[in-house]
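J.: The structure file run_10.cif (mmCIF, N, CA and C atoms) is provided below.
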```cif
data_data
loop_
_atom_site.label_atom_id
_atom_site.label_comp_id
_atom_site.auth_asym_id
_atom_site.auth_seq_id
_atom_site.Cartn_x
_atom_site.Cartn_y
_atom_site.Cartn_z
N MET L 725 -15.19 -0.07 -3.71
CA MET L 725 -14.52 -0.01 -2.44
C MET L 725 -15.31 0.86 -1.47
N ASN L 726 -15.24 0.51 -0.21
CA ASN L 726 -15.94 1.25 0.83
C ASN L 726 -15.15 2.50 1.18
N LEU L 727 -15.77 3.67 1.01
CA LEU L 727 -15.08 4.94 1.25
C LEU L 727 -14.65 5.07 2.70
N ALA L 728 -15.42 4.54 3.64
CA ALA L 728 -15.09 4.66 5.06
C ALA L 728 -13.74 4.02 5.37
N ILE L 729 -13.44 2.94 4.69
CA ILE L 729 -12.16 2.28 4.90
C ILE L 729 -11.01 3.20 4.54
N HIS L 730 -11.20 4.03 3.54
CA HIS L 730 -10.13 4.89 3.07
C HIS L 730 -10.11 6.26 3.75
N ARG L 731 -10.84 6.42 4.82
CA ARG L 731 -10.88 7.71 5.50
C ARG L 731 -10.48 7.58 6.97
N SER L 732 -9.80 6.51 7.34
CA SER L 732 -9.39 6.34 8.72
C SER L 732 -7.87 6.21 8.81
N VAL L 733 -7.36 6.62 9.96
CA VAL L 733 -5.94 6.50 10.27
C VAL L 733 -5.84 5.71 11.56
N TYR L 734 -5.07 4.64 11.55
CA TYR L 734 -4.83 3.85 12.75
C TYR L 734 -3.54 4.35 13.38
N LEU L 735 -3.57 4.55 14.70
CA LEU L 735 -2.43 5.11 15.42
C LEU L 735 -2.02 4.22 16.58
N LEU L 736 -0.73 3.91 16.64
CA LEU L 736 -0.13 3.21 17.77
C LEU L 736 0.87 4.17 18.39
N GLU L 737 0.44 4.84 19.45
CA GLU L 737 1.25 5.89 20.08
C GLU L 737 0.82 6.02 21.53
N GLN L 738 1.77 6.07 22.44
CA GLN L 738 1.47 6.17 23.86
C GLN L 738 1.52 7.61 24.38
N ASP L 739 2.18 8.51 23.67
CA ASP L 739 2.33 9.88 24.12
C ASP L 739 1.05 10.68 23.81
N SER L 740 0.41 11.21 24.85
CA SER L 740 -0.88 11.90 24.65
C SER L 740 -0.72 13.20 23.87
N GLY L 741 0.40 13.89 24.03
CA GLY L 741 0.61 15.12 23.27
C GLY L 741 0.73 14.87 21.78
N THR L 742 1.48 13.85 21.43
CA THR L 742 1.62 13.48 20.03
C THR L 742 0.28 12.99 19.48
N THR L 743 -0.44 12.21 20.25
CA THR L 743 -1.74 11.72 19.82
C THR L 743 -2.69 12.88 19.54
N GLU L 744 -2.71 13.87 20.41
CA GLU L 744 -3.61 15.01 20.20
C GLU L 744 -3.22 15.83 18.97
N ALA L 745 -1.92 15.99 18.74
CA ALA L 745 -1.48 16.70 17.54
C ALA L 745 -1.92 15.96 16.28
N ILE L 746 -1.80 14.65 16.29
CA ILE L 746 -2.22 13.84 15.14
C ILE L 746 -3.74 13.87 15.01
N ARG L 747 -4.46 13.86 16.12
CA ARG L 747 -5.92 13.94 16.08
C ARG L 747 -6.37 15.24 15.42
N ARG L 748 -5.76 16.37 15.78
CA ARG L 748 -6.11 17.66 15.17
C ARG L 748 -5.81 17.65 13.67
N LEU L 749 -4.68 17.10 13.31
CA LEU L 749 -4.30 17.03 11.91
C LEU L 749 -5.29 16.16 11.13
N CYS L 750 -5.69 15.04 11.68
CA CYS L 750 -6.67 14.18 11.02
C CYS L 750 -8.01 14.89 10.87
N GLN L 751 -8.42 15.62 11.89
CA GLN L 751 -9.68 16.36 11.80
C GLN L 751 -9.63 17.39 10.69
N GLU L 752 -8.50 18.07 10.54
CA GLU L 752 -8.34 19.04 9.44
C GLU L 752 -8.51 18.37 8.08
N LYS L 753 -8.13 17.13 7.98
CA LYS L 753 -8.15 16.40 6.71
C LYS L 753 -9.40 15.53 6.58
N SER L 754 -10.33 15.65 7.52
CA SER L 754 -11.56 14.84 7.55
C SER L 754 -11.26 13.35 7.60
N LEU L 755 -10.23 12.99 8.37
CA LEU L 755 -9.87 11.60 8.59
C LEU L 755 -10.26 11.22 10.01
N VAL L 756 -10.72 10.00 10.19
CA VAL L 756 -11.07 9.50 11.52
C VAL L 756 -9.84 8.83 12.11
N LEU L 757 -9.45 9.27 13.30
CA LEU L 757 -8.30 8.68 13.99
C LEU L 757 -8.78 7.59 14.93
N VAL L 758 -8.20 6.40 14.80
CA VAL L 758 -8.52 5.27 15.67
C VAL L 758 -7.22 4.91 16.39
N CYS L 759 -7.24 5.01 17.72
CA CYS L 759 -6.03 4.78 18.52
C CYS L 759 -5.99 3.37 19.08
N PHE L 760 -4.79 2.81 19.11
CA PHE L 760 -4.57 1.47 19.65
C PHE L 760 -3.46 1.52 20.68
N HIS L 761 -3.52 0.59 21.64
CA HIS L 761 -2.52 0.55 22.69
C HIS L 761 -1.53 -0.60 22.52
N SER L 762 -1.80 -1.47 21.55
CA SER L 762 -0.89 -2.60 21.35
C SER L 762 -0.87 -3.00 19.88
N ILE L 763 0.21 -3.66 19.52
CA ILE L 763 0.35 -4.19 18.16
C ILE L 763 -0.78 -5.17 17.87
N LEU L 764 -1.07 -6.03 18.83
CA LEU L 764 -2.10 -7.06 18.62
C LEU L 764 -3.44 -6.43 18.29
N GLU L 765 -3.83 -5.39 19.04
CA GLU L 765 -5.10 -4.72 18.76
C GLU L 765 -5.11 -4.13 17.35
N LEU L 766 -4.03 -3.50 16.97
CA LEU L 766 -3.97 -2.87 15.66
C LEU L 766 -4.02 -3.90 14.54
N VAL L 767 -3.27 -4.97 14.67
CA VAL L 767 -3.25 -6.00 13.63
C VAL L 767 -4.63 -6.65 13.52
N GLU L 768 -5.30 -6.88 14.64
CA GLU L 768 -6.66 -7.43 14.60
C GLU L 768 -7.59 -6.49 13.84
N ALA L 769 -7.46 -5.18 14.05
CA ALA L 769 -8.31 -4.20 13.36
C ALA L 769 -8.02 -4.21 11.86
N VAL L 770 -6.75 -4.36 11.48
CA VAL L 770 -6.38 -4.40 10.06
C VAL L 770 -6.99 -5.62 9.38
N ARG L 771 -7.14 -6.70 10.13
CA ARG L 771 -7.78 -7.89 9.56
C ARG L 771 -9.22 -7.61 9.17
N ALA L 772 -9.88 -6.73 9.91
CA ALA L 772 -11.28 -6.41 9.66
C ALA L 772 -11.45 -5.31 8.61
N ASP L 773 -10.62 -4.28 8.64
CA ASP L 773 -10.72 -3.13 7.73
C ASP L 773 -9.33 -2.62 7.39
N GLN L 774 -9.18 -2.12 6.19
CA GLN L 774 -7.93 -1.48 5.79
C GLN L 774 -8.08 0.02 5.99
N PRO L 775 -7.24 0.62 6.82
CA PRO L 775 -7.30 2.08 7.00
C PRO L 775 -6.62 2.79 5.83
N SER L 776 -6.77 4.09 5.79
CA SER L 776 -6.05 4.89 4.78
C SER L 776 -4.56 4.89 5.06
N CYS L 777 -4.23 4.84 6.36
CA CYS L 777 -2.84 4.98 6.77
C CYS L 777 -2.70 4.42 8.17
N ILE L 778 -1.50 3.94 8.47
CA ILE L 778 -1.16 3.50 9.82
C ILE L 778 0.04 4.32 10.27
N ILE L 779 -0.06 4.87 11.47
CA ILE L 779 1.03 5.64 12.06
C ILE L 779 1.41 4.93 13.35
N ALA L 780 2.70 4.65 13.52
CA ALA L 780 3.14 3.93 14.71
C ALA L 780 4.42 4.54 15.26
N ALA L 781 4.45 4.73 16.56
CA ALA L 781 5.64 5.25 17.23
C ALA L 781 6.62 4.11 17.46
N ASN L 782 7.88 4.38 17.20
CA ASN L 782 8.92 3.38 17.42
C ASN L 782 9.68 3.63 18.71
N ASP L 783 9.20 4.53 19.53
CA ASP L 783 9.89 4.79 20.79
C ASP L 783 9.30 3.99 21.94
N GLN L 784 8.54 2.97 21.59
CA GLN L 784 7.98 2.06 22.58
C GLN L 784 9.05 1.01 22.91
N PRO L 785 8.80 0.20 23.94
CA PRO L 785 9.79 -0.83 24.28
C PRO L 785 10.13 -1.73 23.09
N GLN L 786 11.39 -1.98 22.91
CA GLN L 786 11.93 -2.86 21.87
C GLN L 786 11.50 -2.50 20.46
N GLY L 787 11.40 -1.23 20.14
CA GLY L 787 11.10 -0.85 18.78
C GLY L 787 9.79 -1.43 18.28
N GLN L 788 8.73 -1.17 18.99
CA GLN L 788 7.43 -1.77 18.72
C GLN L 788 6.95 -1.57 17.28
N ALA L 789 7.22 -0.42 16.69
CA ALA L 789 6.73 -0.16 15.34
C ALA L 789 7.39 -1.07 14.31
N LEU L 790 8.65 -1.39 14.51
CA LEU L 790 9.32 -2.30 13.57
C LEU L 790 8.74 -3.71 13.67
N ALA L 791 8.38 -4.12 14.87
CA ALA L 791 7.70 -5.41 15.03
C ALA L 791 6.33 -5.36 14.36
N LEU L 792 5.67 -4.22 14.45
CA LEU L 792 4.38 -4.05 13.79
C LEU L 792 4.52 -4.24 12.28
N MET L 793 5.56 -3.69 11.69
CA MET L 793 5.77 -3.82 10.25
C MET L 793 5.81 -5.29 9.85
N ALA L 794 6.47 -6.11 10.64
CA ALA L 794 6.54 -7.54 10.34
C ALA L 794 5.15 -8.18 10.45
N GLY L 795 4.40 -7.81 11.48
CA GLY L 795 3.05 -8.34 11.65
C GLY L 795 2.13 -7.94 10.52
N LEU L 796 2.24 -6.70 10.07
CA LEU L 796 1.39 -6.22 8.96
C LEU L 796 1.74 -6.91 7.65
N ALA L 797 3.01 -7.21 7.45
CA ALA L 797 3.42 -7.91 6.23
C ALA L 797 2.75 -9.28 6.17
N ASN L 798 2.60 -9.92 7.31
CA ASN L 798 1.94 -11.23 7.36
C ASN L 798 0.43 -11.14 7.09
N GLU L 799 -0.13 -9.96 7.24
CA GLU L 799 -1.58 -9.75 7.05
C GLU L 799 -1.91 -9.19 5.66
N ASN L 800 -0.93 -9.07 4.78
CA ASN L 800 -1.15 -8.47 3.46
C ASN L 800 -1.71 -7.07 3.55
N ASN L 801 -1.21 -6.30 4.48
CA ASN L 801 -1.64 -4.92 4.66
C ASN L 801 -1.29 -4.10 3.43
N GLN L 802 -2.25 -3.32 2.94
CA GLN L 802 -2.03 -2.45 1.79
C GLN L 802 -1.92 -0.98 2.18
N ALA L 803 -2.22 -0.66 3.43
CA ALA L 803 -2.18 0.73 3.88
C ALA L 803 -0.74 1.19 4.07
N PRO L 804 -0.44 2.44 3.67
CA PRO L 804 0.89 2.96 3.93
C PRO L 804 1.13 3.10 5.43
N VAL L 805 2.37 2.86 5.84
CA VAL L 805 2.73 2.94 7.25
C VAL L 805 3.76 4.05 7.44
N ILE L 806 3.50 4.93 8.39
CA ILE L 806 4.42 6.00 8.75
C ILE L 806 4.91 5.69 10.16
N ILE L 807 6.22 5.66 10.32
CA ILE L 807 6.83 5.39 11.62
C ILE L 807 7.28 6.72 12.23
N LEU L 808 6.93 6.91 13.49
CA LEU L 808 7.40 8.07 14.25
C LEU L 808 8.52 7.60 15.16
N GLY L 809 9.63 8.31 15.12
CA GLY L 809 10.76 7.90 15.95
C GLY L 809 11.46 9.08 16.58
N LEU L 810 12.38 8.75 17.42
CA LEU L 810 13.13 9.77 18.11
C LEU L 810 14.14 10.43 17.18
N HIS L 811 14.40 11.70 17.43
CA HIS L 811 15.36 12.47 16.64
C HIS L 811 16.72 11.76 16.67
N ASN L 812 17.38 11.71 15.55
CA ASN L 812 18.71 11.11 15.39
C ASN L 812 18.75 9.59 15.55
N ASP L 813 17.62 8.91 15.41
CA ASP L 813 17.60 7.45 15.47
C ASP L 813 17.69 6.92 14.05
N PHE L 814 18.88 7.07 13.46
CA PHE L 814 19.08 6.70 12.07
C PHE L 814 18.94 5.21 11.83
N THR L 815 19.35 4.40 12.79
CA THR L 815 19.26 2.95 12.64
C THR L 815 17.80 2.53 12.46
N SER L 816 16.93 3.06 13.31
CA SER L 816 15.50 2.71 13.20
C SER L 816 14.89 3.28 11.92
N ALA L 817 15.33 4.47 11.53
CA ALA L 817 14.81 5.07 10.30
C ALA L 817 15.12 4.20 9.09
N VAL L 818 16.34 3.76 8.99
CA VAL L 818 16.75 2.90 7.87
C VAL L 818 15.99 1.57 7.93
N ALA L 819 15.89 1.00 9.13
CA ALA L 819 15.18 -0.28 9.27
C ALA L 819 13.71 -0.14 8.89
N ALA L 820 13.08 0.97 9.26
CA ALA L 820 11.66 1.18 8.94
C ALA L 820 11.45 1.28 7.43
N ILE L 821 12.30 2.02 6.76
CA ILE L 821 12.17 2.17 5.31
C ILE L 821 12.43 0.83 4.61
N LYS L 822 13.44 0.11 5.07
CA LYS L 822 13.72 -1.21 4.49
C LYS L 822 12.57 -2.18 4.71
N ALA L 823 11.84 -2.01 5.82
CA ALA L 823 10.70 -2.88 6.12
C ALA L 823 9.45 -2.48 5.35
N GLY L 824 9.52 -1.37 4.59
CA GLY L 824 8.40 -0.98 3.76
C GLY L 824 7.62 0.23 4.22
N ALA L 825 8.10 0.92 5.25
CA ALA L 825 7.39 2.12 5.72
C ALA L 825 7.43 3.20 4.65
N LEU L 826 6.35 3.96 4.58
CA LEU L 826 6.27 5.09 3.66
C LEU L 826 7.25 6.18 4.07
N ASP L 827 7.39 6.40 5.38
CA ASP L 827 8.27 7.45 5.88
C ASP L 827 8.61 7.17 7.34
N PHE L 828 9.69 7.80 7.78
CA PHE L 828 10.10 7.81 9.18
C PHE L 828 10.17 9.28 9.56
N ILE L 829 9.33 9.69 10.49
CA ILE L 829 9.25 11.10 10.87
C ILE L 829 9.72 11.24 12.31
N GLU L 830 10.67 12.16 12.51
CA GLU L 830 11.24 12.35 13.83
C GLU L 830 10.30 13.13 14.73
N LYS L 831 10.24 12.71 15.99
CA LYS L 831 9.47 13.42 16.99
C LYS L 831 10.43 14.35 17.73
N PRO L 832 10.02 15.45 18.24
CA PRO L 832 8.64 15.88 18.41
C PRO L 832 8.10 16.75 17.27
N THR L 833 8.90 17.09 16.30
CA THR L 833 8.45 18.00 15.23
C THR L 833 7.89 17.21 14.06
N ILE L 834 6.67 16.69 14.22
CA ILE L 834 6.08 15.82 13.21
C ILE L 834 5.07 16.52 12.33
N TYR L 835 4.52 17.64 12.78
CA TYR L 835 3.32 18.19 12.17
C TYR L 835 3.47 18.47 10.67
N GLY L 836 4.50 19.18 10.25
CA GLY L 836 4.65 19.55 8.84
C GLY L 836 4.80 18.36 7.91
N ARG L 837 5.72 17.48 8.21
CA ARG L 837 5.94 16.31 7.35
C ARG L 837 4.76 15.35 7.38
N LEU L 838 4.16 15.21 8.55
CA LEU L 838 3.01 14.32 8.63
C LEU L 838 1.84 14.90 7.86
N ALA L 839 1.67 16.21 7.91
CA ALA L 839 0.60 16.86 7.13
C ALA L 839 0.79 16.59 5.65
N GLU L 840 2.02 16.68 5.16
CA GLU L 840 2.30 16.40 3.75
C GLU L 840 1.94 14.96 3.41
N ARG L 841 2.33 14.03 4.26
CA ARG L 841 2.04 12.61 3.99
C ARG L 841 0.54 12.34 4.02
N LEU L 842 -0.18 12.95 4.95
CA LEU L 842 -1.63 12.73 5.01
C LEU L 842 -2.33 13.37 3.83
N ASN L 843 -1.80 14.46 3.30
CA ASN L 843 -2.35 15.03 2.06
C ASN L 843 -2.28 14.00 0.94
N THR L 844 -1.17 13.30 0.85
CA THR L 844 -1.01 12.26 -0.16
C THR L 844 -2.00 11.12 0.08
N VAL L 845 -2.18 10.73 1.34
CA VAL L 845 -3.13 9.67 1.68
C VAL L 845 -4.54 10.07 1.25
N VAL L 846 -4.95 11.29 1.56
CA VAL L 846 -6.28 11.76 1.20
C VAL L 846 -6.45 11.78 -0.32
N LYS L 847 -5.44 12.27 -1.02
CA LYS L 847 -5.49 12.32 -2.48
C LYS L 847 -5.62 10.91 -3.07
N ASN L 848 -4.84 9.96 -2.56
CA ASN L 848 -4.90 8.59 -3.05
C ASN L 848 -6.24 7.94 -2.74
N ALA L 849 -6.82 8.27 -1.58
CA ALA L 849 -8.14 7.73 -1.21
C ALA L 849 -9.20 8.22 -2.18
N ARG L 850 -9.12 9.47 -2.58
CA ARG L 850 -10.09 10.00 -3.53
C ARG L 850 -9.97 9.32 -4.88
N MET L 851 -8.74 9.01 -5.27
CA MET L 851 -8.51 8.38 -6.58
C MET L 851 -9.02 6.95 -6.61
N THR L 852 -9.01 6.25 -5.46
CA THR L 852 -9.44 4.87 -5.45
C THR L 852 -10.90 4.70 -5.05
N ALA L 853 -11.53 5.79 -4.62
CA ALA L 853 -12.94 5.70 -4.19
C ALA L 853 -13.87 5.59 -5.38
#
```
Any chance you could put this one into structure tokens?

T.:
Amino acid sequence: MNLAIHRSVYLLEQDSGTTEAIRRLCQEKSLVLVCFHSILELVEAVRADQPSCIIAANDQPQGQALALMAGLANENNQAPVIILGLHNDFTSAVAAIKAGALDFIEKPTIYGRLAERLNTVVKNARMTA
């Protein structure tokens, strides 16, 4: 397996503050963050390479991250998906987990839980490399 494939994180997030926090976290973990502005762009990238992890915000119009989960299922995506959502959005949290997401992390306090999840991603990447 190509190690580079297992060292990238794909991000679908429109909030620049959240993106920068995730970028710093990825740098700490020696992960390359690749940002996307649409589901279509991200799904096209997954067709070419499998990232270590996909992180998608669900606070976009019409629950964009949940639509992404359906698109990724059609592409045989093997990367774990973490959904970022608004605090107290239990309906979306349950829907994300049922759709196969690794976790649903509430914004704006994502750093600690996301760091834990990325530690797992890095560990799993080392085991499969």

J.: Of the candidates L:Glu752, L:Glu744, L:Glu768, L:Asp813, which shows the shortest atom-to-atom distance to Lys831 of chain L, using only C-alpha atoms?

T.: L:Asp813

J.: Name all residues at most 8 Å from segment 792-807 of chain L (count only C-alpha atoms; drop same-chain ones fewer than 2 positions away) and give them as a list in words.

T.: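 The filter keeps Ile763, Val767, Val770, Arg771, Gln774, Pro775, Ser776, Cys777, Ile778, Ile779, Ala780, Ala781, Asn782, Gln788, Ala789, Leu790, Gly809, Ala820, Ala823, Gly824, Ala825, Leu826, Asp827, Phe828 and Ile829 of chain L.
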
J.: For a test of reading the model, state the distance in Å between atom N of Lys753 of chain L and atom C of Leu735 of chain L, rounded to one decimal.

T.: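 Atom C of Leu735 of chain L lies 16.7 Å from atom N of Lys753 of chain L.
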
J.: Between atom N of Phe814 of chain L and atom N of Leu842 of chain L, what is the distance in Å, rounded to a tenth?

T.: 21.7 Å

J.: Using DSSP on the backbone, list every residue of segment 733-852 of chain L that comes out as strand (DSSP E), and give them as a PyMOL selection string.

T.: chain L and resi 733-736+756-760+777-781+805-810+827-831

J.: For the helix (DSSP H, G or I) assignment from backbone DSSP, which residues of chain L qualify? Please present them as a count of residues only.

T.: 66

J.: Record the distance separating atom C of Leu749 of chain L and atom C of Leu764 of chain L, expressed in Å with one decimal.

T.: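 These atoms are spaced 23.8 Å apart.
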
J.: Any chance you could export segment 804-831 of chain L with N, CA, C and O atoms, as a PDB file, in the first residue's frame?

T.:
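Done, and the output landed in part_1.pdb:
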```
ATOM      1  N   PRO L 804     -12.310   6.081   7.282  1.00  0.00           N
ATOM      2  CA  PRO L 804     -13.276   6.468   8.304  1.00  0.00           C
ATOM      3  C   PRO L 804     -13.742   7.905   8.086  1.00  0.00           C
ATOM      4  O   PRO L 804     -12.973   8.752   7.620  1.00  0.00           O
ATOM      5  N   VAL L 805     -15.007   8.151   8.394  1.00  0.00           N
ATOM      6  CA  VAL L 805     -15.592   9.476   8.209  1.00  0.00           C
ATOM      7  C   VAL L 805     -16.005  10.026   9.572  1.00  0.00           C
ATOM      8  O   VAL L 805     -16.683   9.344  10.346  1.00  0.00           O
ATOM      9  N   ILE L 806     -15.579  11.243   9.854  1.00  0.00           N
ATOM     10  CA  ILE L 806     -15.962  11.950  11.076  1.00  0.00           C
ATOM     11  C   ILE L 806     -16.830  13.122  10.653  1.00  0.00           C
ATOM     12  O   ILE L 806     -16.443  13.916   9.796  1.00  0.00           O
ATOM     13  N   ILE L 807     -18.002  13.213  11.248  1.00  0.00           N
ATOM     14  CA  ILE L 807     -18.932  14.295  10.943  1.00  0.00           C
ATOM     15  C   ILE L 807     -18.845  15.339  12.053  1.00  0.00           C
ATOM     16  O   ILE L 807     -18.878  14.997  13.237  1.00  0.00           O
ATOM     17  N   LEU L 808     -18.733  16.596  11.648  1.00  0.00           N
ATOM     18  CA  LEU L 808     -18.764  17.714  12.582  1.00  0.00           C
ATOM     19  C   LEU L 808     -20.149  18.349  12.500  1.00  0.00           C
ATOM     20  O   LEU L 808     -20.635  18.625  11.409  1.00  0.00           O
ATOM     21  N   GLY L 809     -20.765  18.540  13.653  1.00  0.00           N
ATOM     22  CA  GLY L 809     -22.101  19.113  13.644  1.00  0.00           C
ATOM     23  C   GLY L 809     -22.299  20.111  14.754  1.00  0.00           C
ATOM     24  O   GLY L 809     -21.436  20.284  15.613  1.00  0.00           O
ATOM     25  N   LEU L 810     -23.428  20.739  14.705  1.00  0.00           N
ATOM     26  CA  LEU L 810     -23.752  21.733  15.700  1.00  0.00           C
ATOM     27  C   LEU L 810     -24.110  21.080  17.029  1.00  0.00           C
ATOM     28  O   LEU L 810     -24.652  19.967  17.067  1.00  0.00           O
ATOM     29  N   HIS L 811     -23.801  21.773  18.100  1.00  0.00           N
ATOM     30  CA  HIS L 811     -24.101  21.300  19.451  1.00  0.00           C
ATOM     31  C   HIS L 811     -25.603  21.018  19.570  1.00  0.00           C
ATOM     32  O   HIS L 811     -26.425  21.779  19.085  1.00  0.00           O
ATOM     33  N   ASN L 812     -25.949  19.927  20.204  1.00  0.00           N
ATOM     34  CA  ASN L 812     -27.331  19.510  20.449  1.00  0.00           C
ATOM     35  C   ASN L 812     -28.100  19.096  19.196  1.00  0.00           C
ATOM     36  O   ASN L 812     -29.322  19.074  19.212  1.00  0.00           O
ATOM     37  N   ASP L 813     -27.417  18.749  18.121  1.00  0.00           N
ATOM     38  CA  ASP L 813     -28.084  18.261  16.917  1.00  0.00           C
ATOM     39  C   ASP L 813     -28.098  16.735  16.967  1.00  0.00           C
ATOM     40  O   ASP L 813     -27.389  16.053  16.231  1.00  0.00           O
ATOM     41  N   PHE L 814     -28.916  16.214  17.874  1.00  0.00           N
ATOM     42  CA  PHE L 814     -28.958  14.772  18.109  1.00  0.00           C
ATOM     43  C   PHE L 814     -29.478  14.000  16.906  1.00  0.00           C
ATOM     44  O   PHE L 814     -29.025  12.895  16.625  1.00  0.00           O
ATOM     45  N   THR L 815     -30.410  14.573  16.178  1.00  0.00           N
ATOM     46  CA  THR L 815     -30.968  13.891  15.009  1.00  0.00           C
ATOM     47  C   THR L 815     -29.876  13.616  13.979  1.00  0.00           C
ATOM     48  O   THR L 815     -29.758  12.507  13.464  1.00  0.00           O
ATOM     49  N   SER L 816     -29.064  14.643  13.699  1.00  0.00           N
ATOM     50  CA  SER L 816     -27.972  14.454  12.732  1.00  0.00           C
ATOM     51  C   SER L 816     -26.906  13.509  13.266  1.00  0.00           C
ATOM     52  O   SER L 816     -26.324  12.729  12.508  1.00  0.00           O
ATOM     53  N   ALA L 817     -26.652  13.570  14.564  1.00  0.00           N
ATOM     54  CA  ALA L 817     -25.653  12.677  15.159  1.00  0.00           C
ATOM     55  C   ALA L 817     -26.062  11.220  14.982  1.00  0.00           C
ATOM     56  O   ALA L 817     -25.259  10.383  14.557  1.00  0.00           O
ATOM     57  N   VAL L 818     -27.291  10.916  15.281  1.00  0.00           N
ATOM     58  CA  VAL L 818     -27.790   9.547  15.140  1.00  0.00           C
ATOM     59  C   VAL L 818     -27.765   9.133  13.666  1.00  0.00           C
ATOM     60  O   VAL L 818     -27.324   8.033  13.332  1.00  0.00           O
ATOM     61  N   ALA L 819     -28.203  10.026  12.790  1.00  0.00           N
ATOM     62  CA  ALA L 819     -28.220   9.707  11.358  1.00  0.00           C
ATOM     63  C   ALA L 819     -26.805   9.457  10.832  1.00  0.00           C
ATOM     64  O   ALA L 819     -26.597   8.547  10.029  1.00  0.00           O
ATOM     65  N   ALA L 820     -25.837  10.241  11.294  1.00  0.00           N
ATOM     66  CA  ALA L 820     -24.448  10.067  10.843  1.00  0.00           C
ATOM     67  C   ALA L 820     -23.896   8.716  11.269  1.00  0.00           C
ATOM     68  O   ALA L 820     -23.265   8.016  10.469  1.00  0.00           O
ATOM     69  N   ILE L 821     -24.132   8.339  12.503  1.00  0.00           N
ATOM     70  CA  ILE L 821     -23.627   7.058  13.001  1.00  0.00           C
ATOM     71  C   ILE L 821     -24.323   5.902  12.271  1.00  0.00           C
ATOM     72  O   ILE L 821     -23.676   4.931  11.871  1.00  0.00           O
ATOM     73  N   LYS L 822     -25.625   6.017  12.067  1.00  0.00           N
ATOM     74  CA  LYS L 822     -26.347   4.981  11.325  1.00  0.00           C
ATOM     75  C   LYS L 822     -25.855   4.860   9.886  1.00  0.00           C
ATOM     76  O   LYS L 822     -25.885   3.776   9.304  1.00  0.00           O
ATOM     77  N   ALA L 823     -25.393   5.977   9.313  1.00  0.00           N
ATOM     78  CA  ALA L 823     -24.880   5.967   7.940  1.00  0.00           C
ATOM     79  C   ALA L 823     -23.451   5.447   7.860  1.00  0.00           C
ATOM     80  O   ALA L 823     -22.905   5.305   6.768  1.00  0.00           O
ATOM     81  N   GLY L 824     -22.839   5.159   9.022  1.00  0.00           N
ATOM     82  CA  GLY L 824     -21.509   4.577   9.019  1.00  0.00           C
ATOM     83  C   GLY L 824     -20.378   5.484   9.454  1.00  0.00           C
ATOM     84  O   GLY L 824     -19.211   5.108   9.358  1.00  0.00           O
ATOM     85  N   ALA L 825     -20.699   6.675   9.939  1.00  0.00           N
ATOM     86  CA  ALA L 825     -19.639   7.582  10.397  1.00  0.00           C
ATOM     87  C   ALA L 825     -18.934   7.000  11.614  1.00  0.00           C
ATOM     88  O   ALA L 825     -19.552   6.339  12.453  1.00  0.00           O
ATOM     89  N   LEU L 826     -17.648   7.249  11.695  1.00  0.00           N
ATOM     90  CA  LEU L 826     -16.852   6.830  12.845  1.00  0.00           C
ATOM     91  C   LEU L 826     -17.284   7.581  14.095  1.00  0.00           C
ATOM     92  O   LEU L 826     -17.363   7.019  15.180  1.00  0.00           O
ATOM     93  N   ASP L 827     -17.593   8.873  13.941  1.00  0.00           N
ATOM     94  CA  ASP L 827     -17.971   9.698  15.081  1.00  0.00           C
ATOM     95  C   ASP L 827     -18.712  10.930  14.589  1.00  0.00           C
ATOM     96  O   ASP L 827     -18.614  11.317  13.429  1.00  0.00           O
ATOM     97  N   PHE L 828     -19.442  11.538  15.505  1.00  0.00           N
ATOM     98  CA  PHE L 828     -20.098  12.826  15.296  1.00  0.00           C
ATOM     99  C   PHE L 828     -19.566  13.729  16.400  1.00  0.00           C
ATOM    100  O   PHE L 828     -19.772  13.449  17.576  1.00  0.00           O
ATOM    101  N   ILE L 829     -18.848  14.771  16.021  1.00  0.00           N
ATOM    102  CA  ILE L 829     -18.218  15.651  16.998  1.00  0.00           C
ATOM    103  C   ILE L 829     -18.872  17.021  16.913  1.00  0.00           C
ATOM    104  O   ILE L 829     -18.969  17.607  15.829  1.00  0.00           O
ATOM    105  N   GLU L 830     -19.309  17.520  18.071  1.00  0.00           N
ATOM    106  CA  GLU L 830     -19.997  18.798  18.112  1.00  0.00           C
ATOM    107  C   GLU L 830     -19.022  19.955  17.985  1.00  0.00           C
ATOM    108  O   GLU L 830     -17.950  19.936  18.554  1.00  0.00           O
ATOM    109  N   LYS L 831     -19.444  20.965  17.228  1.00  0.00           N
ATOM    110  CA  LYS L 831     -18.674  22.190  17.110  1.00  0.00           C
ATOM    111  C   LYS L 831     -19.228  23.180  18.119  1.00  0.00           C
ATOM    112  O   LYS L 831     -20.402  23.115  18.442  1.00  0.00           O
TER     113      LYS L 831
END
```
